[in-house]
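**Q** Pasting a structure here, questions to come.
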There are 2 protein chains.
Amino acid sequence: MQNASAIEHPAAIAQNYVEVWNETDGARRRSLIERVFAPQASYTDPLMQSAGYDALDAMIAAAQAQFAGLRFSVTGRQDAHHDVLRFSWALGVEAAEPIACGTDIAEMTPDGRIARVTGFLDKMPS
Amino acid sequence: MQNASAIEHPAAIAQNYVEVWNETDGARRRSLIERVFAPQASYTDPLMQSAGYDALDAMIAAAQAQFAGLRFSVTGRQDAHHDVLRFSWALGVEAAEPIACGTDIAEMTPDGRIARVTGFLDKMPS
């Protein structure tokens with residue numbers, strides 16, 4: 001019943017996205033960012049906002065410093081239609097209650113990179 | 001902890017939006033649409049897509065014909081940050097299990113009208 005989406009692999013996109021947030025090696029993180037995001041990609045959630053590779057990279061590095069030792073994981077199902085993708089994530093240590101959860105809406109470019117993320121928090125960082 | 005949002009009354013916006021979907025009188029619906037949406041506003045969910053007052057009105061009228069006798073209601077909480085608002089809704093008859101549920105992301109204009117809706121279905125129409 002859902003319209004076919006141009007997004008072929010929602011789960012893979014969500015997984016790649018979370019890998020960016022988990023990659024603490026600066027060079028590898030930058031390389032992942034350039035693979036996953038379009039050059040002018042923007043990110044907005046209740047706590048952070050940035051646009052472009054340099055700013056995305058600095059924002060993610062700052063989040064990693066704030067939440068050192070924690071990892072992001074994809075939770076639940078991903079759904080996509082047209083050029084938009086929705087997925088949920090959790091932040092925490094394995095096998096423990098996550099300290100934060102959220103749902104992100106990603107708009108994709110025709111070449112399969114993220115052009116824009118709008119994030120919402122389902123559980124605020126404690 | 002959340003950044004202040006430019007959106008002052010998320011609950012009222014969600015309520016007004018749902019009223020548009022429930023208004024079956026053509027003239028009143030059009031008047032509500034022009035109050036709630038910006039002129040070039042667009043709507044995209046897995047099943048429908050439209051932009052501009054005429055297309056929004058035709059799309060909503062078609063949905064009402066398809067789901068005659070059912071009403072939309074706002075469910076759960078609404079949350080907003082920057083110029084975006086998230087809210088969830090249900091479609092059904094009062095006091096019965098809804099036939100469909102969804103979550104919409106609305107981008108607002110500075111004058112408080114909806115510029116863009118991206119909708120997701122949490123429960124598909126049965």
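A note on labels: chains of the structure tokens are A, B, ... as shown, every chain counts residues from 1, and ligands are counted from 1 in their shown order.
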Select all residues from chain B having any atom no more than 12 Å from an atom of chain A (counting only C-alpha atoms, ignoring ligands), output as number ranges by chain.
**A** B: 1-6, 43-49, 76-87, 103-107, 117-126
**Q** Please, could you write that set of residues out with N, CA, C and O atoms as a short mmCIF file (atom, residue, chain, number, x, y, z; two decimals), in the first residue's frame?
**A**
data_model
loop_
_atom_site.label_atom_id
_atom_site.label_comp_id
_atom_site.auth_asym_id
_atom_site.auth_seq_id
_atom_site.Cartn_x
_atom_site.Cartn_y
_atom_site.Cartn_z
N MET B 1 16.57 21.78 28.82
CA MET B 1 17.74 21.34 28.04
C MET B 1 17.50 21.53 26.54
O MET B 1 18.43 21.79 25.79
N GLN B 2 16.23 21.43 26.10
CA GLN B 2 15.98 21.64 24.67
C GLN B 2 16.16 23.12 24.33
O GLN B 2 15.84 23.99 25.12
N ASN B 3 16.68 23.39 23.15
CA ASN B 3 16.75 24.77 22.70
C ASN B 3 15.35 25.35 22.61
O ASN B 3 14.41 24.65 22.24
N ALA B 4 15.22 26.61 22.92
CA ALA B 4 13.94 27.27 22.75
C ALA B 4 13.53 27.13 21.29
O ALA B 4 14.34 27.25 20.39
N SER B 5 12.27 26.83 21.09
CA SER B 5 11.76 26.73 19.74
C SER B 5 11.03 28.02 19.40
O SER B 5 10.49 28.70 20.27
N ALA B 6 11.04 28.35 18.11
CA ALA B 6 10.27 29.51 17.67
C ALA B 6 8.77 29.19 17.68
O ALA B 6 7.94 30.07 17.51
N TYR B 43 2.71 18.78 1.22
CA TYR B 43 2.38 17.64 2.08
C TYR B 43 2.86 16.37 1.40
O TYR B 43 2.60 16.16 0.21
N THR B 44 3.56 15.53 2.13
CA THR B 44 4.02 14.25 1.58
C THR B 44 3.90 13.19 2.66
O THR B 44 4.48 13.33 3.74
N ASP B 45 3.15 12.14 2.40
CA ASP B 45 3.18 10.96 3.26
C ASP B 45 3.30 9.74 2.36
O ASP B 45 3.46 9.89 1.15
N PRO B 46 3.28 8.54 2.90
CA PRO B 46 3.50 7.38 2.02
C PRO B 46 2.42 7.21 0.95
O PRO B 46 2.67 6.57 -0.08
N LEU B 47 1.23 7.79 1.20
CA LEU B 47 0.10 7.54 0.30
C LEU B 47 -0.32 8.75 -0.52
O LEU B 47 -1.01 8.61 -1.51
N MET B 48 0.05 9.94 -0.09
CA MET B 48 -0.45 11.17 -0.72
C MET B 48 0.64 12.21 -0.82
O MET B 48 1.56 12.24 -0.01
N GLN B 49 0.48 13.09 -1.81
CA GLN B 49 1.43 14.19 -1.97
C GLN B 49 0.71 15.36 -2.62
O GLN B 49 -0.08 15.15 -3.56
N GLY B 76 -0.99 11.55 22.05
CA GLY B 76 0.33 11.69 22.68
C GLY B 76 0.72 13.14 22.82
O GLY B 76 -0.09 14.05 22.81
N ARG B 77 2.02 13.35 22.91
CA ARG B 77 2.53 14.69 23.14
C ARG B 77 3.02 15.26 21.81
O ARG B 77 3.28 14.53 20.86
N GLN B 78 3.16 16.56 21.78
CA GLN B 78 3.76 17.23 20.63
C GLN B 78 5.12 17.75 21.08
O GLN B 78 5.26 18.19 22.22
N ASP B 79 6.11 17.70 20.22
CA ASP B 79 7.37 18.35 20.57
C ASP B 79 7.90 19.17 19.41
O ASP B 79 7.69 18.84 18.24
N ALA B 80 8.57 20.26 19.76
CA ALA B 80 9.03 21.21 18.75
C ALA B 80 10.42 21.70 19.10
O ALA B 80 10.79 21.76 20.27
N HIS B 81 11.21 21.98 18.09
CA HIS B 81 12.48 22.67 18.28
C HIS B 81 12.77 23.42 16.99
O HIS B 81 12.35 23.02 15.92
N HIS B 82 13.52 24.53 17.12
CA HIS B 82 13.76 25.40 15.97
C HIS B 82 12.42 25.66 15.27
O HIS B 82 11.49 26.09 15.93
N ASP B 83 12.32 25.37 13.97
CA ASP B 83 11.06 25.65 13.26
C ASP B 83 10.29 24.36 12.93
O ASP B 83 9.45 24.37 12.05
N VAL B 84 10.60 23.27 13.61
CA VAL B 84 9.93 22.00 13.32
C VAL B 84 9.12 21.49 14.51
O VAL B 84 9.49 21.69 15.66
N LEU B 85 8.04 20.83 14.16
CA LEU B 85 7.07 20.33 15.15
C LEU B 85 6.79 18.88 14.80
O LEU B 85 6.64 18.52 13.63
N ARG B 86 6.70 18.04 15.82
CA ARG B 86 6.34 16.64 15.64
C ARG B 86 5.10 16.35 16.45
O ARG B 86 5.00 16.74 17.60
N PHE B 87 4.16 15.67 15.83
CA PHE B 87 2.97 15.27 16.59
C PHE B 87 2.43 13.98 15.98
O PHE B 87 2.71 13.64 14.83
N THR B 103 2.62 9.77 12.45
CA THR B 103 3.39 10.85 13.05
C THR B 103 3.78 11.81 11.94
O THR B 103 4.29 11.38 10.90
N ASP B 104 3.49 13.08 12.15
CA ASP B 104 3.79 14.09 11.14
C ASP B 104 4.86 15.05 11.65
O ASP B 104 4.90 15.40 12.83
N ILE B 105 5.73 15.45 10.74
CA ILE B 105 6.73 16.48 11.00
C ILE B 105 6.30 17.70 10.22
O ILE B 105 6.15 17.63 8.99
N ALA B 106 6.08 18.81 10.91
CA ALA B 106 5.64 20.05 10.24
C ALA B 106 6.72 21.11 10.37
O ALA B 106 7.24 21.34 11.46
N GLU B 107 7.08 21.70 9.24
CA GLU B 107 8.00 22.84 9.26
C GLU B 107 7.17 24.12 9.21
O GLU B 107 6.28 24.26 8.36
N VAL B 117 4.70 19.50 5.40
CA VAL B 117 4.42 18.36 6.26
C VAL B 117 5.05 17.12 5.64
O VAL B 117 4.89 16.86 4.46
N THR B 118 5.79 16.38 6.46
CA THR B 118 6.27 15.05 6.07
C THR B 118 5.63 14.06 7.04
O THR B 118 5.85 14.14 8.25
N GLY B 119 4.80 13.17 6.49
CA GLY B 119 4.05 12.26 7.35
C GLY B 119 4.56 10.83 7.25
O GLY B 119 5.01 10.40 6.20
N PHE B 120 4.47 10.14 8.37
CA PHE B 120 4.81 8.71 8.42
C PHE B 120 3.65 7.96 9.05
O PHE B 120 2.97 8.50 9.92
N LEU B 121 3.46 6.74 8.61
CA LEU B 121 2.38 5.92 9.16
C LEU B 121 2.94 4.99 10.23
O LEU B 121 3.90 4.25 9.99
N ASP B 122 2.34 5.04 11.42
CA ASP B 122 2.73 4.12 12.50
C ASP B 122 1.84 2.89 12.48
O ASP B 122 2.23 1.82 12.93
N LYS B 123 0.63 3.07 11.99
CA LYS B 123 -0.28 1.92 11.75
C LYS B 123 -0.97 2.19 10.43
O LYS B 123 -1.63 3.23 10.26
N MET B 124 -0.82 1.29 9.48
CA MET B 124 -1.38 1.49 8.13
C MET B 124 -2.90 1.40 8.17
O MET B 124 -3.46 0.63 8.96
N PRO B 125 -3.58 2.16 7.29
CA PRO B 125 -5.04 2.04 7.21
C PRO B 125 -5.44 0.59 6.94
O PRO B 125 -4.87 -0.06 6.05
N SER B 126 -6.37 0.10 7.71
CA SER B 126 -6.77 -1.31 7.56
C SER B 126 -7.92 -1.44 6.57
O SER B 126 -8.49 -0.47 6.14
#
**Q** Output as a PyMOL selection string all residues of chain A that backbone DSSP marks as alpha helix (DSSP H).
**A** chain A and resi 10-22+26-36+53-66
**Q** Run DSSP on the backbone and give me the residues of chain A it puts in strand (DSSP E or B), as a ChimeraX atom specification.
**A** /A:37-44,49-51,71-81,84-92,100-108,114-123
**Q** Residues at most 12 Å from Arg35 of chain B, counting only C-alpha atoms, excluding those fewer than 5 positions away in the same chain, as a list of chain:residue names?
**A** B:Ile13, B:Asn16, B:Tyr17, B:Glu19, B:Val20, B:Arg28, B:Arg29, B:Arg30, B:Ala41, B:Tyr53, B:Asp111, B:Gly112, B:Arg113, B:Ile114, B:Ala115
**Q** Can I get the selection written as a short mmCIF file (atom, residue, chain, number, x, y, z; two decimals), in the first residue's frame, with all heavy atoms?
**A**
data_model
loop_
_atom_site.label_atom_id
_atom_site.label_comp_id
_atom_site.auth_asym_id
_atom_site.auth_seq_id
_atom_site.Cartn_x
_atom_site.Cartn_y
_atom_site.Cartn_z
N ILE B 13 -1.21 24.14 17.21
CA ILE B 13 -0.95 23.92 15.78
C ILE B 13 -1.42 22.52 15.37
O ILE B 13 -2.10 22.36 14.35
CB ILE B 13 0.55 24.09 15.47
CG1 ILE B 13 0.97 25.55 15.70
CG2 ILE B 13 0.84 23.68 14.02
CD1 ILE B 13 2.47 25.76 15.75
N ASN B 16 -5.23 22.52 15.27
CA ASN B 16 -5.76 23.22 14.10
C ASN B 16 -5.57 22.39 12.83
O ASN B 16 -6.43 22.36 11.95
CB ASN B 16 -5.06 24.57 13.91
CG ASN B 16 -5.43 25.56 15.01
OD1 ASN B 16 -6.43 25.38 15.70
ND2 ASN B 16 -4.62 26.59 15.16
N TYR B 17 -4.45 21.73 12.77
CA TYR B 17 -4.13 20.90 11.61
C TYR B 17 -5.14 19.75 11.48
O TYR B 17 -5.66 19.47 10.40
CB TYR B 17 -2.71 20.38 11.77
CG TYR B 17 -2.26 19.36 10.76
CD1 TYR B 17 -1.81 19.76 9.51
CD2 TYR B 17 -2.28 18.01 11.06
CE1 TYR B 17 -1.38 18.82 8.58
CE2 TYR B 17 -1.87 17.07 10.14
CZ TYR B 17 -1.42 17.48 8.90
OH TYR B 17 -1.01 16.55 7.99
N GLU B 19 -8.09 19.70 12.69
CA GLU B 19 -9.41 20.28 12.36
C GLU B 19 -9.58 20.42 10.85
O GLU B 19 -10.68 20.22 10.33
CB GLU B 19 -9.56 21.66 13.01
CG GLU B 19 -10.29 21.61 14.34
CD GLU B 19 -10.34 22.98 15.00
OE1 GLU B 19 -10.56 23.99 14.30
OE2 GLU B 19 -10.13 23.03 16.22
N VAL B 20 -8.50 20.79 10.19
CA VAL B 20 -8.57 20.90 8.72
C VAL B 20 -8.98 19.55 8.12
O VAL B 20 -9.86 19.48 7.26
CB VAL B 20 -7.20 21.32 8.14
CG1 VAL B 20 -7.19 21.19 6.62
CG2 VAL B 20 -6.85 22.75 8.54
N ARG B 28 -15.63 26.01 4.64
CA ARG B 28 -14.94 26.14 5.93
C ARG B 28 -13.57 25.48 5.88
O ARG B 28 -12.60 25.96 6.47
CB ARG B 28 -15.80 25.52 7.05
CG ARG B 28 -16.95 26.43 7.50
CD ARG B 28 -17.41 26.09 8.91
NE ARG B 28 -17.90 24.73 9.00
CZ ARG B 28 -19.19 24.39 8.93
NH1 ARG B 28 -20.12 25.32 8.74
NH2 ARG B 28 -19.55 23.13 9.02
N ARG B 29 -13.49 24.34 5.16
CA ARG B 29 -12.20 23.66 5.07
C ARG B 29 -11.18 24.54 4.35
O ARG B 29 -10.04 24.69 4.78
CB ARG B 29 -12.34 22.31 4.35
CG ARG B 29 -11.04 21.51 4.35
CD ARG B 29 -11.23 20.16 3.67
NE ARG B 29 -11.67 20.32 2.31
CZ ARG B 29 -12.82 19.84 1.83
NH1 ARG B 29 -13.64 19.14 2.58
NH2 ARG B 29 -13.17 20.06 0.56
N ARG B 30 -11.60 25.15 3.25
CA ARG B 30 -10.68 26.01 2.51
C ARG B 30 -10.20 27.19 3.37
O ARG B 30 -9.03 27.57 3.34
CB ARG B 30 -11.39 26.52 1.25
CG ARG B 30 -10.58 27.51 0.43
CD ARG B 30 -9.32 26.86 -0.13
NE ARG B 30 -8.54 27.80 -0.91
CZ ARG B 30 -8.04 27.54 -2.10
NH1 ARG B 30 -8.19 26.35 -2.65
NH2 ARG B 30 -7.36 28.44 -2.75
N ALA B 41 2.54 25.65 0.71
CA ALA B 41 2.79 24.52 1.61
C ALA B 41 2.69 23.18 0.87
O ALA B 41 1.85 23.00 -0.01
CB ALA B 41 1.80 24.54 2.77
N TYR B 53 -2.67 25.49 -1.92
CA TYR B 53 -4.01 25.39 -1.33
C TYR B 53 -4.96 24.49 -2.12
O TYR B 53 -5.66 23.67 -1.55
CB TYR B 53 -4.64 26.78 -1.20
CG TYR B 53 -4.00 27.66 -0.13
CD1 TYR B 53 -3.99 29.05 -0.27
CD2 TYR B 53 -3.43 27.11 1.02
CE1 TYR B 53 -3.43 29.86 0.70
CE2 TYR B 53 -2.86 27.92 1.99
CZ TYR B 53 -2.87 29.30 1.83
OH TYR B 53 -2.32 30.10 2.80
N ASP B 111 5.67 33.23 10.50
CA ASP B 111 4.35 33.75 10.91
C ASP B 111 3.44 32.65 11.46
O ASP B 111 2.25 32.87 11.66
CB ASP B 111 3.68 34.55 9.79
CG ASP B 111 3.12 33.65 8.68
OD1 ASP B 111 3.45 32.44 8.64
OD2 ASP B 111 2.34 34.16 7.85
N GLY B 112 4.01 31.47 11.70
CA GLY B 112 3.25 30.45 12.43
C GLY B 112 2.35 29.57 11.57
O GLY B 112 1.47 28.89 12.08
N ARG B 113 2.59 29.56 10.26
CA ARG B 113 1.83 28.66 9.40
C ARG B 113 2.70 27.48 8.96
O ARG B 113 3.94 27.56 8.98
CB ARG B 113 1.26 29.41 8.20
CG ARG B 113 0.16 30.37 8.64
CD ARG B 113 -0.62 30.93 7.46
NE ARG B 113 0.16 31.90 6.70
CZ ARG B 113 -0.28 32.49 5.59
NH1 ARG B 113 -1.47 32.21 5.11
NH2 ARG B 113 0.48 33.37 4.96
N ILE B 114 2.04 26.43 8.56
CA ILE B 114 2.76 25.23 8.16
C ILE B 114 3.27 25.38 6.72
O ILE B 114 2.49 25.67 5.82
CB ILE B 114 1.85 23.98 8.26
CG1 ILE B 114 1.45 23.73 9.72
CG2 ILE B 114 2.56 22.76 7.67
CD1 ILE B 114 0.43 22.61 9.89
N ALA B 115 4.58 25.21 6.53
CA ALA B 115 5.17 25.32 5.19
C ALA B 115 5.30 23.95 4.54
O ALA B 115 5.30 23.83 3.31
CB ALA B 115 6.54 25.97 5.28
#
**Q** Could you tell me how far atom CA of Met108 of chain A sits from atom CA of Ile7 of chain A, in Å to one decimal place?
**A**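 Atom-to-atom, atom CA of Ile7 of chain A and atom CA of Met108 of chain A are spaced 7.7 Å apart.
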**Q** So that I can see what lies close to segment 67-71 of chain A, please list as a ChimeraX atom specification the residues with an atom at most 12 Å from it, counting only C-alpha atoms and leaving out residues fewer than 2 positions away in the same chain.
**A** /A:18-24,60-65,73-74,89-101,125-126
**Q** Write the selection just made, keeping N, CA, C and O atoms, as a compact mmCIF listing (two decimals), in the first residue's frame?
**A**
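And here is the file that came out, again01.txt:
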# COMPACT_ATOMS: atom_id res chain seq x y z
N VAL A 18 24.64 5.71 11.89
CA VAL A 18 25.02 5.48 13.28
C VAL A 18 26.53 5.19 13.39
O VAL A 18 27.17 5.60 14.36
N GLU A 19 27.07 4.55 12.39
CA GLU A 19 28.52 4.30 12.39
C GLU A 19 29.32 5.60 12.40
O GLU A 19 30.37 5.69 13.04
N VAL A 20 28.81 6.59 11.67
CA VAL A 20 29.47 7.90 11.69
C VAL A 20 29.54 8.43 13.12
O VAL A 20 30.59 8.90 13.57
N TRP A 21 28.41 8.35 13.81
CA TRP A 21 28.36 8.88 15.18
C TRP A 21 29.23 8.07 16.14
O TRP A 21 29.64 8.58 17.19
N ASN A 22 29.51 6.83 15.82
CA ASN A 22 30.31 5.98 16.71
C ASN A 22 31.80 6.00 16.39
O ASN A 22 32.60 5.51 17.18
N GLU A 23 32.17 6.56 15.24
CA GLU A 23 33.57 6.50 14.80
C GLU A 23 34.38 7.61 15.47
O GLU A 23 34.22 8.78 15.14
N THR A 24 35.25 7.22 16.39
CA THR A 24 36.02 8.23 17.13
C THR A 24 37.38 8.53 16.51
O THR A 24 38.04 9.49 16.91
N ILE A 60 29.81 16.20 15.70
CA ILE A 60 29.81 14.79 16.11
C ILE A 60 30.98 14.52 17.07
O ILE A 60 30.81 13.82 18.08
N ALA A 61 32.13 15.13 16.80
CA ALA A 61 33.27 14.97 17.71
C ALA A 61 32.93 15.51 19.10
O ALA A 61 33.27 14.91 20.12
N ALA A 62 32.24 16.64 19.13
CA ALA A 62 31.85 17.23 20.42
C ALA A 62 30.87 16.32 21.16
O ALA A 62 30.95 16.15 22.38
N ALA A 63 29.93 15.73 20.42
CA ALA A 63 28.97 14.81 21.04
C ALA A 63 29.69 13.59 21.60
O ALA A 63 29.39 13.11 22.69
N GLN A 64 30.67 13.09 20.85
CA GLN A 64 31.43 11.93 21.32
C GLN A 64 32.20 12.26 22.60
O GLN A 64 32.30 11.43 23.51
N ALA A 65 32.74 13.48 22.67
CA ALA A 65 33.47 13.88 23.88
C ALA A 65 32.51 13.96 25.07
O ALA A 65 32.84 13.55 26.18
N SER A 73 23.06 3.06 18.61
CA SER A 73 22.61 1.90 17.86
C SER A 73 21.24 2.20 17.25
O SER A 73 20.48 3.03 17.76
N VAL A 74 20.94 1.54 16.15
CA VAL A 74 19.65 1.69 15.50
C VAL A 74 18.65 0.80 16.24
O VAL A 74 18.97 -0.34 16.59
N TRP A 89 16.93 5.53 17.20
CA TRP A 89 18.25 5.15 17.71
C TRP A 89 18.25 5.24 19.23
O TRP A 89 17.38 5.85 19.84
N ALA A 90 19.26 4.59 19.80
CA ALA A 90 19.47 4.68 21.24
C ALA A 90 20.95 4.96 21.49
O ALA A 90 21.80 4.60 20.68
N LEU A 91 21.22 5.61 22.60
CA LEU A 91 22.60 5.90 23.01
C LEU A 91 22.82 5.30 24.39
O LEU A 91 22.05 5.59 25.31
N GLY A 92 23.86 4.48 24.50
CA GLY A 92 24.12 3.90 25.82
C GLY A 92 25.25 2.91 25.77
O GLY A 92 26.05 2.89 24.82
N VAL A 93 25.34 2.10 26.81
CA VAL A 93 26.27 0.99 26.82
C VAL A 93 25.48 -0.29 26.62
O VAL A 93 24.32 -0.38 27.03
N GLU A 94 26.11 -1.25 25.97
CA GLU A 94 25.42 -2.47 25.60
C GLU A 94 24.72 -3.13 26.80
O GLU A 94 25.26 -3.13 27.90
N ALA A 95 23.54 -3.65 26.56
CA ALA A 95 22.81 -4.44 27.54
C ALA A 95 22.33 -3.63 28.74
O ALA A 95 21.87 -4.17 29.73
N ALA A 96 22.44 -2.29 28.65
CA ALA A 96 21.91 -1.44 29.73
C ALA A 96 20.84 -0.53 29.14
O ALA A 96 20.80 -0.30 27.93
N GLU A 97 19.99 -0.01 30.00
CA GLU A 97 18.98 0.97 29.59
C GLU A 97 19.68 2.15 28.91
O GLU A 97 20.64 2.72 29.45
N PRO A 98 19.25 2.54 27.70
CA PRO A 98 19.92 3.68 27.03
C PRO A 98 19.73 4.98 27.83
O PRO A 98 18.72 5.16 28.50
N ILE A 99 20.72 5.86 27.73
CA ILE A 99 20.57 7.15 28.42
C ILE A 99 19.78 8.15 27.58
O ILE A 99 19.26 9.12 28.08
N ALA A 100 19.70 7.90 26.27
CA ALA A 100 18.92 8.77 25.39
C ALA A 100 18.42 7.95 24.21
O ALA A 100 19.07 6.99 23.79
N CYS A 101 17.25 8.34 23.71
CA CYS A 101 16.69 7.71 22.50
C CYS A 101 16.14 8.82 21.62
O CYS A 101 15.69 9.85 22.13
N PRO A 125 18.76 13.04 27.08
CA PRO A 125 19.96 12.57 27.76
C PRO A 125 19.85 12.83 29.26
O PRO A 125 19.45 13.91 29.67
N SER A 126 20.18 11.81 30.06
CA SER A 126 20.02 11.95 31.51
C SER A 126 21.32 12.44 32.13
O SER A 126 22.34 12.53 31.48
**Q** One decimal, Å: what's the distance from atom CA of Gln66 of chain B over to atom CA of Pro10 of chain B, could you say?
**A**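 Computed distance, atom CA of Gln66 of chain B to atom CA of Pro10 of chain B, equals 28.1 Å.
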**Q** Determine the nearest neighbour of Arg116 of chain A from the options A:Ser88, A:Gln40, A:Thr75, A:Ser31, counting only C-alpha atoms.
**A**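 Selected residue with least distance to Arg116 of chain A: A:Gln40.
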**Q** Go ahead and compute the interatomic distance for atom CA of Ala38 of chain A and atom CA of Leu56 of chain A, in Å to one decimal.
**A**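 The value is 11.0 Å.
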